[in-house]
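input_29.csv (CSV, C-alpha atoms) appears below.
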```csv
chain,number,residue,atom,x,y,z
P,1,MET,CA,-65.6,73.5,-54.8
P,2,PRO,CA,-65.9,69.8,-55.5
P,3,GLY,CA,-62.1,69.3,-56.0
P,4,GLN,CA,-61.3,70.7,-52.6
P,5,SER,CA,-64.0,68.6,-50.8
P,6,LYS,CA,-62.6,65.5,-52.4
P,7,LYS,CA,-59.1,66.4,-51.3
P,8,GLY,CA,-60.2,67.0,-47.7
P,9,ALA,CA,-62.0,63.7,-47.6
P,10,PHE,CA,-58.9,61.9,-48.8
P,11,LEU,CA,-56.8,63.5,-46.1
P,12,ALA,CA,-59.3,62.6,-43.4
P,13,VAL,CA,-59.3,58.9,-44.5
P,14,LEU,CA,-55.5,58.8,-44.6
P,15,LEU,CA,-55.2,60.3,-41.1
P,16,SER,CA,-57.7,57.7,-39.8
P,17,LEU,CA,-55.7,54.8,-41.3
P,18,LEU,CA,-52.5,56.1,-39.8
P,19,PHE,CA,-54.1,56.4,-36.4
P,20,VAL,CA,-55.4,52.8,-36.6
P,21,PHE,CA,-52.0,51.4,-37.7
P,22,SER,CA,-50.3,53.2,-34.9
P,23,LEU,CA,-52.5,51.5,-32.3
P,24,ILE,CA,-51.7,47.9,-33.6
P,25,PRO,CA,-48.0,47.8,-32.4
P,26,SER,CA,-49.0,49.2,-29.0
P,27,ALA,CA,-51.6,46.5,-28.6
P,28,ALA,CA,-49.1,43.8,-29.5
P,29,ALA,CA,-46.6,45.2,-27.1
P,30,GLN,CA,-49.2,45.2,-24.4
P,31,ASP,CA,-50.0,41.6,-25.1
P,32,GLU,CA,-46.3,40.6,-24.8
P,33,SER,CA,-46.0,42.6,-21.6
P,34,ASN,CA,-49.0,40.8,-20.2
P,35,ALA,CA,-47.7,37.3,-21.3
P,36,GLN,CA,-48.7,34.6,-19.0
P,37,GLY,CA,-46.5,31.6,-18.0
P,38,PHE,CA,-46.9,28.6,-20.2
P,39,THR,CA,-47.1,25.0,-18.9
P,40,VAL,CA,-45.3,21.9,-20.0
P,41,SER,CA,-45.8,18.2,-19.1
P,42,LEU,CA,-44.0,15.0,-20.0
P,43,THR,CA,-45.5,11.6,-20.6
P,44,ALA,CA,-43.4,8.5,-20.9
P,45,ILE,CA,-44.1,6.2,-23.8
P,46,ASN,CA,-41.0,4.0,-23.3
P,47,ASP,CA,-38.8,4.8,-20.4
P,48,SER,CA,-37.1,1.4,-19.9
P,49,ILE,CA,-34.5,0.6,-22.6
P,50,LEU,CA,-31.4,-1.4,-23.2
P,51,VAL,CA,-28.1,0.5,-23.3
P,52,ASP,CA,-28.4,0.8,-27.1
P,53,GLY,CA,-32.1,1.4,-27.1
P,54,GLN,CA,-34.2,4.6,-27.6
P,55,ALA,CA,-36.5,6.2,-24.9
P,56,ILE,CA,-39.7,8.0,-26.1
P,57,PHE,CA,-41.5,10.8,-24.3
P,58,GLU,CA,-44.3,13.1,-25.3
P,59,LEU,CA,-43.9,16.8,-24.4
P,60,ALA,CA,-47.1,18.8,-24.1
P,61,ILE,CA,-46.9,22.6,-24.3
P,62,SER,CA,-49.8,24.9,-23.4
P,63,ASN,CA,-49.9,28.5,-24.5
P,64,PRO,CA,-52.3,30.6,-22.2
P,65,ASN,CA,-51.7,33.8,-24.1
P,66,SER,CA,-53.9,35.6,-26.6
P,67,TYR,CA,-51.3,35.5,-29.3
P,68,PRO,CA,-49.5,32.5,-31.0
P,69,GLU,CA,-46.1,31.6,-29.6
P,70,LYS,CA,-43.0,29.7,-30.8
P,71,PHE,CA,-41.3,27.4,-28.3
P,72,ARG,CA,-37.7,26.1,-28.6
P,73,ILE,CA,-36.7,22.8,-27.0
P,74,SER,CA,-33.2,21.8,-25.9
P,75,ALA,CA,-31.6,19.0,-23.8
P,76,PRO,CA,-28.3,20.1,-22.1
P,77,ASP,CA,-27.1,16.6,-21.2
P,78,ILE,CA,-24.4,15.5,-23.7
P,79,GLU,CA,-24.9,11.8,-22.6
P,80,TRP,CA,-28.1,11.8,-24.7
P,81,SER,CA,-28.8,12.2,-28.4
P,82,VAL,CA,-32.2,14.0,-28.8
P,83,GLN,CA,-34.5,14.1,-31.8
P,84,SER,CA,-38.2,15.0,-32.3
P,85,ASP,CA,-41.0,13.6,-34.4
P,86,PRO,CA,-41.5,15.5,-36.6
P,87,LEU,CA,-37.8,16.4,-36.8
P,88,TYR,CA,-38.2,20.2,-37.3
P,89,HIS,CA,-39.9,20.6,-33.9
P,90,TYR,CA,-36.6,20.1,-32.1
P,91,PHE,CA,-34.4,22.1,-34.5
P,92,SER,CA,-36.8,24.9,-35.6
P,93,GLY,CA,-39.2,25.2,-32.7
P,94,VAL,CA,-42.9,24.4,-32.0
P,95,ASP,CA,-45.6,26.9,-33.0
P,96,VAL,CA,-48.5,26.9,-30.5
P,97,PRO,CA,-51.6,28.9,-31.3
P,98,ALA,CA,-53.2,31.4,-28.8
P,99,PHE,CA,-54.9,29.7,-26.0
P,100,GLY,CA,-53.9,26.4,-27.6
P,101,SER,CA,-51.5,23.5,-26.9
P,102,GLU,CA,-49.2,21.2,-28.9
P,103,THR,CA,-47.7,17.8,-28.3
P,104,VAL,CA,-44.2,16.9,-29.4
P,105,ARG,CA,-42.7,13.4,-29.4
P,106,LEU,CA,-39.0,13.4,-28.2
P,107,LEU,CA,-36.6,10.5,-28.8
P,108,PHE,CA,-33.6,10.0,-26.4
P,109,LYS,CA,-30.7,7.6,-27.2
P,110,PRO,CA,-27.6,7.2,-25.0
P,111,THR,CA,-24.3,8.4,-26.4
P,112,VAL,CA,-22.2,6.7,-23.7
P,113,PRO,CA,-22.2,3.1,-22.5
P,114,PHE,CA,-24.4,3.5,-19.3
P,115,THR,CA,-24.3,0.8,-16.7
P,116,PRO,CA,-27.7,-0.6,-15.8
P,117,GLY,CA,-29.8,1.7,-13.6
P,118,LEU,CA,-31.8,4.9,-13.6
P,119,ARG,CA,-30.5,7.8,-15.6
P,120,ALA,CA,-31.8,11.4,-15.5
P,121,VAL,CA,-33.1,13.3,-18.6
P,122,ASN,CA,-33.4,17.1,-18.5
P,123,ILE,CA,-35.5,19.1,-21.0
P,124,PHE,CA,-35.4,22.9,-21.4
P,125,VAL,CA,-38.3,24.8,-23.1
P,126,GLU,CA,-38.2,28.6,-23.9
P,127,SER,CA,-40.8,30.9,-25.4
P,128,VAL,CA,-39.5,33.1,-28.2
P,129,ARG,CA,-41.8,36.1,-27.8
P,130,GLY,CA,-42.5,35.9,-24.1
P,131,LYS,CA,-38.8,35.3,-23.2
P,132,GLN,CA,-39.9,32.8,-20.6
P,133,SER,CA,-38.3,29.4,-19.9
P,134,GLN,CA,-39.1,26.2,-18.0
P,135,SER,CA,-37.2,23.0,-17.3
P,136,ILE,CA,-38.6,19.5,-16.7
P,137,SER,CA,-36.8,16.3,-15.7
P,138,THR,CA,-37.6,12.6,-15.8
P,139,PHE,CA,-35.7,9.2,-15.6
P,140,VAL,CA,-34.9,6.5,-18.0
P,141,ASN,CA,-34.3,2.9,-16.7
P,142,ILE,CA,-31.2,1.4,-18.5
P,143,ARG,CA,-31.6,-2.4,-18.6
P,144,SER,CA,-28.8,-4.9,-19.1
P,145,ALA,CA,-28.8,-7.0,-22.2
P,146,TYR,CA,-28.3,-10.0,-19.8
P,147,PRO,CA,-30.5,-11.4,-17.1
P,148,LEU,CA,-30.4,-9.8,-13.7
P,149,ILE,CA,-29.1,-11.6,-10.6
P,150,MET,CA,-32.4,-10.7,-8.8
P,151,GLU,CA,-34.3,-12.7,-11.4
P,152,TYR,CA,-32.5,-15.9,-10.3
P,153,LEU,CA,-31.2,-15.3,-6.8
P,154,ALA,CA,-33.0,-14.0,-3.7
P,155,ALA,CA,-31.5,-10.9,-2.1
P,156,VAL,CA,-29.1,-11.7,0.7
P,157,SER,CA,-27.0,-9.3,2.9
P,158,ARG,CA,-23.8,-10.3,1.1
P,159,ILE,CA,-23.6,-12.7,-1.9
P,160,VAL,CA,-19.8,-12.8,-1.9
P,161,GLU,CA,-17.7,-13.1,1.2
P,162,ILE,CA,-14.0,-12.4,1.1
P,163,PRO,CA,-11.8,-11.1,4.0
P,164,SER,CA,-11.0,-7.4,3.8
P,165,GLN,CA,-7.4,-8.2,4.8
P,166,ILE,CA,-5.5,-11.2,3.5
P,167,ASP,CA,-2.3,-12.8,4.9
P,168,PRO,CA,-0.5,-14.3,1.9
P,169,ARG,CA,1.0,-17.0,4.1
P,170,GLN,CA,-2.4,-18.4,4.8
P,171,GLU,CA,-5.0,-20.1,2.6
P,172,LEU,CA,-7.8,-17.8,1.5
P,173,GLU,CA,-11.4,-19.0,1.3
P,174,ILE,CA,-14.0,-17.1,-0.9
P,175,LYS,CA,-17.6,-17.9,-0.2
P,176,VAL,CA,-20.7,-17.3,-2.4
P,177,ASN,CA,-24.2,-17.4,-0.9
P,178,LEU,CA,-26.7,-18.8,-3.4
P,179,ILE,CA,-30.5,-18.8,-2.8
P,180,ASN,CA,-32.6,-19.9,-5.7
P,181,ARG,CA,-35.8,-17.8,-5.7
P,182,ASN,CA,-37.3,-19.6,-8.7
P,183,PRO,CA,-38.9,-23.1,-9.0
P,184,LYS,CA,-36.6,-23.5,-11.9
P,185,ASN,CA,-33.8,-26.1,-11.7
P,186,ILE,CA,-30.5,-24.4,-12.6
P,187,THR,CA,-28.4,-27.3,-13.9
P,188,GLN,CA,-25.4,-25.2,-15.0
P,189,MET,CA,-24.1,-22.3,-12.9
P,190,ARG,CA,-20.6,-21.0,-13.2
P,191,ILE,CA,-19.1,-18.4,-10.9
P,192,SER,CA,-16.0,-16.5,-12.2
P,193,LEU,CA,-13.7,-15.0,-9.5
P,194,SER,CA,-10.9,-12.7,-10.7
P,195,SER,CA,-8.8,-9.9,-9.2
P,196,VAL,CA,-9.1,-6.7,-11.2
P,197,SER,CA,-5.6,-5.1,-10.8
P,198,THR,CA,-3.5,-8.2,-10.4
P,199,SER,CA,-3.5,-11.9,-11.3
P,200,LEU,CA,-3.7,-13.0,-7.7
P,201,ILE,CA,-7.1,-14.6,-8.0
P,202,ARG,CA,-8.3,-16.6,-11.0
P,203,GLU,CA,-10.8,-19.2,-10.0
P,204,ASP,CA,-14.1,-20.7,-11.3
P,205,ILE,CA,-16.8,-22.4,-9.3
P,206,VAL,CA,-19.1,-24.8,-11.2
P,207,THR,CA,-22.3,-25.9,-9.4
P,208,ASP,CA,-26.0,-26.4,-9.8
P,209,LEU,CA,-29.0,-25.1,-7.9
P,210,ARG,CA,-32.2,-27.0,-7.4
P,211,PRO,CA,-35.6,-25.1,-7.2
P,212,LEU,CA,-35.7,-22.9,-4.1
P,213,GLU,CA,-32.4,-24.4,-2.8
P,214,ASN,CA,-30.1,-22.5,-0.5
P,215,LYS,CA,-26.4,-23.3,-0.9
P,216,VAL,CA,-23.0,-21.9,0.0
P,217,VAL,CA,-20.1,-22.6,-2.4
P,218,SER,CA,-16.5,-21.7,-1.9
P,219,ALA,CA,-13.1,-21.6,-3.5
P,220,LYS,CA,-9.9,-21.9,-1.7
P,221,VAL,CA,-7.0,-19.8,-3.0
P,222,ARG,CA,-3.3,-20.1,-1.9
P,223,LEU,CA,-1.3,-17.0,-2.7
P,224,ASP,CA,2.5,-16.7,-3.1
P,225,PRO,CA,3.8,-16.0,0.4
P,226,LEU,CA,6.0,-13.3,-1.1
P,227,THR,CA,3.1,-11.4,-2.6
P,228,PRO,CA,3.8,-7.7,-1.8
P,229,PRO,CA,1.3,-5.6,0.0
P,230,THR,CA,-1.4,-4.4,-2.4
P,231,GLN,CA,-5.0,-3.2,-2.6
P,232,ASP,CA,-7.2,-4.9,-5.2
P,233,THR,CA,-10.8,-5.7,-6.1
P,234,LEU,CA,-12.4,-9.0,-6.6
P,235,LYS,CA,-14.7,-9.2,-9.6
P,236,VAL,CA,-17.5,-11.8,-9.4
P,237,VAL,CA,-19.5,-12.8,-12.5
P,238,ILE,CA,-22.3,-15.4,-12.2
P,239,PHE,CA,-23.2,-17.3,-15.4
P,240,VAL,CA,-26.4,-19.3,-15.9
P,241,ASP,CA,-26.5,-21.4,-19.0
P,242,ASN,CA,-23.3,-19.5,-20.1
P,243,LYS,CA,-25.1,-16.2,-19.9
P,244,PRO,CA,-23.7,-13.6,-17.5
P,245,LEU,CA,-26.1,-12.2,-14.9
P,246,GLU,CA,-26.1,-8.5,-14.2
P,247,PRO,CA,-24.8,-6.6,-12.3
P,248,THR,CA,-21.2,-7.7,-11.8
P,249,ILE,CA,-20.2,-7.9,-8.2
P,250,PHE,CA,-17.1,-6.1,-6.9
P,251,GLU,CA,-15.5,-6.7,-3.4
P,252,LYS,CA,-12.4,-4.8,-2.3
P,253,PHE,CA,-9.6,-6.6,-0.4
P,254,GLU,CA,-6.0,-5.9,0.7
P,255,VAL,CA,-2.9,-8.1,1.0
P,256,ILE,CA,-1.2,-7.2,4.2
P,257,SER,CA,2.5,-6.8,4.9
P,258,TYR,CA,4.6,-8.9,7.2
P,259,SER,CA,8.3,-9.4,8.0
P,260,GLU,CA,10.5,-11.2,10.5
P,261,ILE,CA,14.3,-11.4,10.6
P,262,LYS,CA,15.1,-14.8,12.2
P,263,PRO,CA,18.0,-17.3,12.2
P,264,LEU,CA,18.0,-19.7,9.3
P,265,LYS,CA,20.9,-21.9,10.3
P,266,SER,CA,23.9,-21.8,12.7
P,267,GLU,CA,27.2,-23.7,12.6
P,268,LYS,CA,30.1,-23.7,15.0
P,269,HIS,CA,33.4,-25.3,14.2
P,270,GLY,CA,37.1,-24.8,15.0
P,271,SER,CA,40.3,-26.3,16.3
P,272,PHE,CA,43.6,-25.4,18.0
P,273,PHE,CA,42.4,-22.5,20.1
P,274,ARG,CA,40.3,-21.0,17.3
P,275,TRP,CA,36.5,-21.3,17.0
P,276,VAL,CA,34.3,-19.9,14.2
P,277,ASP,CA,30.5,-19.3,14.8
P,278,GLU,CA,28.5,-18.7,11.6
P,279,THR,CA,24.8,-17.7,11.8
P,280,THR,CA,22.7,-17.1,8.8
P,281,TYR,CA,19.7,-14.7,9.1
P,282,VAL,CA,16.8,-14.4,6.7
P,283,ASN,CA,14.0,-11.9,6.2
P,284,ASP,CA,11.0,-14.1,6.2
P,285,GLY,CA,8.5,-11.5,4.9
P,286,ASN,CA,7.1,-9.6,1.9
P,287,VAL,CA,8.6,-6.2,2.8
P,288,LYS,CA,12.0,-4.8,3.7
P,289,SER,CA,12.8,-5.1,7.4
P,290,GLN,CA,15.5,-4.0,9.9
P,291,LYS,CA,16.6,-5.6,13.1
P,292,VAL,CA,19.5,-5.4,15.7
P,293,VAL,CA,21.0,-8.8,16.4
P,294,GLU,CA,22.8,-9.2,19.7
P,295,GLN,CA,25.4,-11.7,21.1
P,296,GLN,CA,26.5,-11.5,24.7
P,297,THR,CA,30.3,-11.2,25.4
P,298,SER,CA,32.7,-9.9,28.0
P,299,LEU,CA,35.5,-7.4,27.9
P,300,LEU,CA,38.2,-10.1,28.0
P,301,LYS,CA,36.5,-12.2,25.4
P,302,ALA,CA,36.1,-9.2,23.1
P,303,LEU,CA,39.9,-8.8,23.0
P,304,PHE,CA,40.2,-12.1,21.2
P,305,THR,CA,37.0,-11.9,19.0
P,306,LYS,CA,36.4,-10.4,15.6
P,307,SER,CA,33.4,-10.6,13.3
P,308,ASN,CA,32.3,-10.1,9.7
P,309,PRO,CA,30.4,-7.9,9.3
P,310,THR,CA,32.0,-5.7,12.0
P,311,SER,CA,29.9,-5.4,15.1
P,312,PHE,CA,29.5,-2.6,17.6
P,313,SER,CA,29.3,-2.8,21.4
P,314,ILE,CA,26.3,-2.1,23.6
P,315,SER,CA,25.6,-2.5,27.3
P,316,LYS,CA,22.3,-3.6,28.9
P,317,ASP,CA,21.7,-4.4,32.5
P,318,GLY,CA,25.4,-4.3,33.2
P,319,LYS,CA,26.1,-6.9,30.5
P,320,ARG,CA,28.2,-6.4,27.4
P,321,PHE,CA,26.9,-7.4,23.9
P,322,ASN,CA,28.2,-7.4,20.4
P,323,ALA,CA,25.5,-6.1,18.0
P,324,TRP,CA,24.8,-6.0,14.3
P,325,GLU,CA,22.2,-3.8,12.6
P,326,LEU,CA,20.6,-5.8,9.7
P,327,SER,CA,18.6,-4.4,6.8
P,328,LEU,CA,17.2,-7.1,4.5
P,329,GLU,CA,14.9,-7.2,1.5
P,330,PRO,CA,12.2,-9.9,1.4
P,331,GLN,CA,13.9,-13.4,1.6
P,332,GLU,CA,17.3,-11.8,1.6
P,333,THR,CA,19.9,-13.6,3.8
P,334,VAL,CA,23.1,-12.5,5.5
P,335,THR,CA,25.7,-14.6,7.4
P,336,ILE,CA,27.4,-13.2,10.5
P,337,GLU,CA,30.8,-14.8,11.2
P,338,VAL,CA,32.3,-14.5,14.7
P,339,VAL,CA,35.9,-15.7,15.1
P,340,GLU,CA,37.2,-16.4,18.7
P,341,SER,CA,40.9,-17.1,18.6
P,342,TYR,CA,43.4,-17.6,21.5
P,343,ARG,CA,46.3,-18.7,19.2
P,344,SER,CA,48.1,-15.4,19.9
P,345,ILE,CA,48.4,-16.2,23.6
P,346,PHE,CA,49.7,-19.7,22.7
P,347,TYR,CA,52.2,-18.2,20.3
P,348,LEU,CA,53.4,-15.7,23.0
P,349,LEU,CA,53.9,-18.5,25.5
P,350,ILE,CA,55.9,-20.6,23.0
P,351,LEU,CA,58.0,-17.5,22.1
P,352,ALA,CA,58.7,-16.8,25.8
P,353,LEU,CA,59.8,-20.4,26.4
P,354,ILE,CA,62.1,-20.3,23.4
P,355,PHE,CA,63.7,-17.1,24.8
P,356,LEU,CA,64.1,-18.8,28.2
P,357,LEU,CA,65.8,-21.8,26.7
P,358,LEU,CA,68.1,-19.6,24.6
P,359,TYR,CA,69.0,-17.6,27.7
P,360,ARG,CA,69.9,-20.8,29.6
P,361,PHE,CA,71.8,-22.1,26.7
P,362,PHE,CA,74.0,-19.1,26.2
P,363,GLN,CA,74.6,-18.4,30.0
P,364,SER,CA,78.2,-19.1,31.5
P,365,PRO,CA,78.4,-22.4,33.4
P,366,VAL,CA,80.8,-20.8,36.1
P,367,GLN,CA,79.7,-18.1,38.6
P,368,LEU,CA,81.5,-16.2,41.3
P,369,ILE,CA,79.8,-15.8,44.6
P,370,LYS,CA,81.0,-13.2,47.1
P,371,GLU,CA,80.7,-14.1,50.8
P,372,SER,CA,82.0,-12.6,54.1
P,373,SER,CA,82.2,-13.6,57.8
P,374,ALA,CA,83.0,-11.6,61.0
P,375,ILE,CA,84.8,-12.9,64.1
P,376,GLN,CA,85.2,-10.9,67.3
P,377,GLY,CA,88.3,-11.6,69.4
P,378,ARG,CA,88.6,-11.7,73.2
P,379,PRO,CA,89.2,-9.5,75.1
P,380,SER,CA,89.8,-7.1,72.2
P,381,PRO,CA,86.7,-5.2,71.0
P,382,GLU,CA,87.8,-5.5,67.4
P,383,LYS,CA,86.0,-7.6,64.9
P,384,GLN,CA,87.8,-9.4,62.2
P,385,VAL,CA,86.0,-9.7,58.8
P,386,PHE,CA,87.0,-12.5,56.4
P,387,PRO,CA,85.7,-11.8,52.9
P,388,ALA,CA,85.7,-14.6,50.4
P,389,LEU,CA,85.1,-15.2,46.7
P,390,ARG,CA,83.7,-18.6,45.9
P,391,GLN,CA,83.8,-20.1,42.4
P,392,ALA,CA,80.8,-22.3,41.7
P,393,HIS,CA,79.6,-24.3,38.8
P,394,ARG,CA,75.9,-23.9,37.9
P,395,TYR,CA,75.5,-27.6,37.3
P,396,GLY,CA,76.9,-28.8,40.7
P,397,GLN,CA,80.6,-29.6,39.8
P,398,GLY,CA,82.1,-28.2,43.0
P,399,SER,CA,83.6,-24.8,44.1
P,400,ASN,CA,86.9,-23.0,45.1
P,401,ASP,CA,87.4,-20.5,47.9
P,402,CYS,CA,89.6,-17.4,48.0
P,403,ARG,CA,89.5,-15.9,51.5
P,404,GLY,CA,90.9,-12.6,52.9
P,405,ARG,CA,91.1,-11.1,56.4
P,406,ALA,CA,89.8,-7.7,57.6
P,407,ARG,CA,89.8,-6.0,61.0
P,408,HIS,CA,87.0,-4.0,62.1
P,409,HIS,CA,87.6,-1.3,64.7
P,410,GLY,CA,85.1,0.5,67.0
P,411,HIS,CA,83.7,3.9,66.2
P,412,ASN,CA,82.4,2.6,62.8
P,413,GLU,CA,85.9,2.5,61.4
P,414,ALA,CA,86.8,-0.6,59.4
P,415,GLY,CA,89.8,-1.9,57.6
P,416,TYR,CA,90.8,-5.0,55.7
P,417,HIS,CA,94.0,-7.0,56.0
P,418,LEU,CA,94.7,-9.5,53.4
```

Written form, structure tokens:
Amino acid sequence: MPGQSKKGAFLAVLLSLLFVFSLIPSAAAQDESNAQGFTVSLTAINDSILVDGQAIFELAISNPNSYPEKFRISAPDIEWSVQSDPLYHYFSGVDVPAFGSETVRLLFKPTVPFTPGLRAVNIFVESVRGKQSQSISTFVNIRSAYPLIMEYLAAVSRIVEIPSQIDPRQELEIKVNLINRNPKNITQMRISLSSVSTSLIREDIVTDLRPLENKVVSAKVRLDPLTPPTQDTLKVVIFVDNKPLEPTIFEKFEVISYSEIKPLKSEKHGSFFRWVDETTYVNDGNVKSQKVVEQQTSLLKALFTKSNPTSFSISKDGKRFNAWELSLEPQETVTIEVVESYRSIFYLLILALIFLLLYRFFQSPVQLIKESSAIQGRPSPEKQVFPALRQAHRYGQGSNDCRGRARHHGHNEAGYHL
């Protein structure tokens, strides 16, 4: 039965091969389940660049597993543009053999205009088969394209001194402390002073600085007294040989508010029982202001006084005042006119005199005056009453009498006999 024996042998070999191939995936799965954590390290090749430069780092990846692994690299910070050398390592991944390591060169370039200083760089590495990830960070020093202040001037507590609050009515002095830390003779130094938000300050200071010299230079600035209250920042740039030093210095300041309503001028004039008092007030300030102005008066005087604008009355400590409430914008003026007039009394007296003269003029020159006299006779108890009408002239031209006779009886009875 040679045909059957050959067939049996073939089946035995086929089953053996199937058994061997079935064990291979389970071994691979066991390797993946027992995957160990990989390690990464970063070495700086060039970590100090200009704002338009390119930083270079070498990323080393170690694979501790018994199978080859692919690692993908990413940088989550959008402020950096990242490439690798070779280029496909960053976009396709890095193949690292079992128990081996691989080094990748990464190139970082800023995508935004960083100011000088240290900037963080974050790198994310992930294994494809092992599904593990790690992150690593480092720093890049962004240098200015211009020389640094510290290269020329020694550090002081405050290079620029400006008051935090400025009264626009007073002269402002800005001081700059200079300490030459080099044995170099700086023959041309210019200090530019300018306010950021407004045009309040625009000054330049030109000076020189001998080797290791200490010096304080200043600029005096006079603001417009009507400058409104504002908050601003002073920008200071130091130039050496027409090259600006970095960093630019910024100092905050504030223009304060002030206001005072006060008399500007006063005039008093008048005649013929009428007087006018004019007082002009001004808001000497840079903001709107309100004030109550008072003028002492009396009840009698108030009857003959009027004003423009119209006043209102107040009482304090038993005294009476005319008052005006003023509300003025900066440098606005208002004139208060107070008129005190007694002409009405004078006119009333003149009118009364005219009426008196007219009355005397139209009055009759003759007047009748009634008079009487009583005489008691003896021994009779009767009284005799003699009434009389006397005609008299008002202006002393004599008089005429017209007399009668009356008898008065006792018991309060009276009678007249003409």

### Task
For atom CA of Ile142 of chain P and atom CA of Gly117 of chain P, determine how far apart the two atoms are, in Å to one decimal place.
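Interatomic distance, atom CA of Ile142 of chain P to atom CA of Gly117 of chain P: 5.1 Å.
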
### Message
Just checking: using all atoms listed in the file, which residue out of P:Thr279, P:Thr248, P:Asn308, P:Val338 ends up closest to Leu148 of chain P?
### Response
P:Thr248

### Task
Using all atoms listed in the file, determine which residues lie at most 9 Å from Ser197 of chain P, disregarding the query and same-chain residues fewer than 5 positions distant; provide the list as a PyMOL selection string.
chain P and resi 231-234

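By chain and then residue number, the residues within 12 Å of Phe38 of chain P are Ala60, Ile61, Ser62, Asn63, Pro64, Asn65, Ser66, Pro68, Glu69, Lys70, Phe71, Val96, Ala98, Phe99, Gly100, Ser101, Glu102, Val125, Glu126, Ser127, Val128, Arg129, Gly130, Lys131, Gln132, Ser133, Gln134 and Ser135 of chain P, counting only C-alpha atoms and disregarding those fewer than 5 positions away in sequence.
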
### Task
One decimal, Å: what's the distance from atom CA of Phe346 of chain P over to atom CA of Phe361 of chain P, could you say?
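Value for the atom CA of Phe346 of chain P-atom CA of Phe361 of chain P distance: 22.6 Å.
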
### Task
Extract, using only C-alpha atoms, all DNA, RNA and protein residues at most 9 Å from Val221 of chain P, discarding same-chain residues fewer than 3 positions from it, and format them as an NGL selection string.
:P and (171-174 or 200-203)

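For the pair atom CA of Pro247 of chain P and atom CA of Ala145 of chain P, the interatomic distance is 10.7 Å.
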
### Query
Which neighbours of segment 185-187 of chain P fall inside 12 Å, counting all atoms listed in the file, when residues of the same chain fewer than 2 positions from it are skipped, and could you give them as a ChimeraX atom specification?
/P:152-153,178-183,189-190,206-213,239-242

### Message
I'd like the neighbourhood of Val140 of chain P as JSON, numbers by chain, where a residue qualifies if any of its atoms comes within 12 Å (using all atoms listed in the file), though same-chain residues fewer than 4 positions away should be ignored.
### Response
{"P": [44, 45, 46, 47, 48, 49, 50, 51, 53, 54, 55, 56, 57, 80, 107, 108, 109, 110, 114, 116, 117, 118, 119, 120, 121, 122]}

### Query
Using only C-alpha atoms, which of P:Val236, P:Val112, P:Val104, P:Val339 sits nearest Glu161 of chain P?
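Comparing P:Val236, P:Val112, P:Val104, P:Val339 against Glu161 of chain P, the winner is P:Val236.
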
Only C-alpha atoms, as a compact mmCIF listing (two decimals), in the first residue's frame: that is what I want for segment 325-354 of chain P.
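Ended up saving to result-v2.txt:
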```txt
# COMPACT_ATOMS: atom_id res chain seq x y z
CA GLU P 325 -24.46 126.01 41.76
CA LEU P 326 -21.81 126.05 39.02
CA SER P 327 -20.89 123.15 36.74
CA LEU P 328 -17.98 123.97 34.42
CA GLU P 329 -15.93 122.07 31.87
CA PRO P 330 -12.13 122.49 31.94
CA GLN P 331 -11.24 126.19 31.44
CA GLU P 332 -14.92 127.11 31.00
CA THR P 333 -15.98 130.45 32.49
CA VAL P 334 -19.26 131.87 33.76
CA THR P 335 -20.11 135.41 34.90
CA ILE P 336 -22.51 136.02 37.79
CA GLU P 337 -24.19 139.46 37.63
CA VAL P 338 -25.76 140.79 40.83
CA VAL P 339 -27.82 143.98 40.50
CA GLU P 340 -28.71 145.96 43.65
CA SER P 341 -31.15 148.77 42.86
CA TYR P 342 -32.99 151.25 45.13
CA ARG P 343 -34.40 153.36 42.34
CA SER P 344 -37.90 152.04 43.01
CA ILE P 345 -37.86 153.63 46.49
CA PHE P 346 -36.63 156.90 45.02
CA TYR P 347 -39.35 156.84 42.37
CA LEU P 348 -42.03 156.14 45.01
CA LEU P 349 -40.85 159.12 47.10
CA ILE P 350 -40.93 161.39 44.04
CA LEU P 351 -44.41 160.15 43.18
CA ALA P 352 -45.65 160.74 46.75
CA LEU P 353 -44.24 164.29 46.69
CA ILE P 354 -45.98 164.99 43.39
```
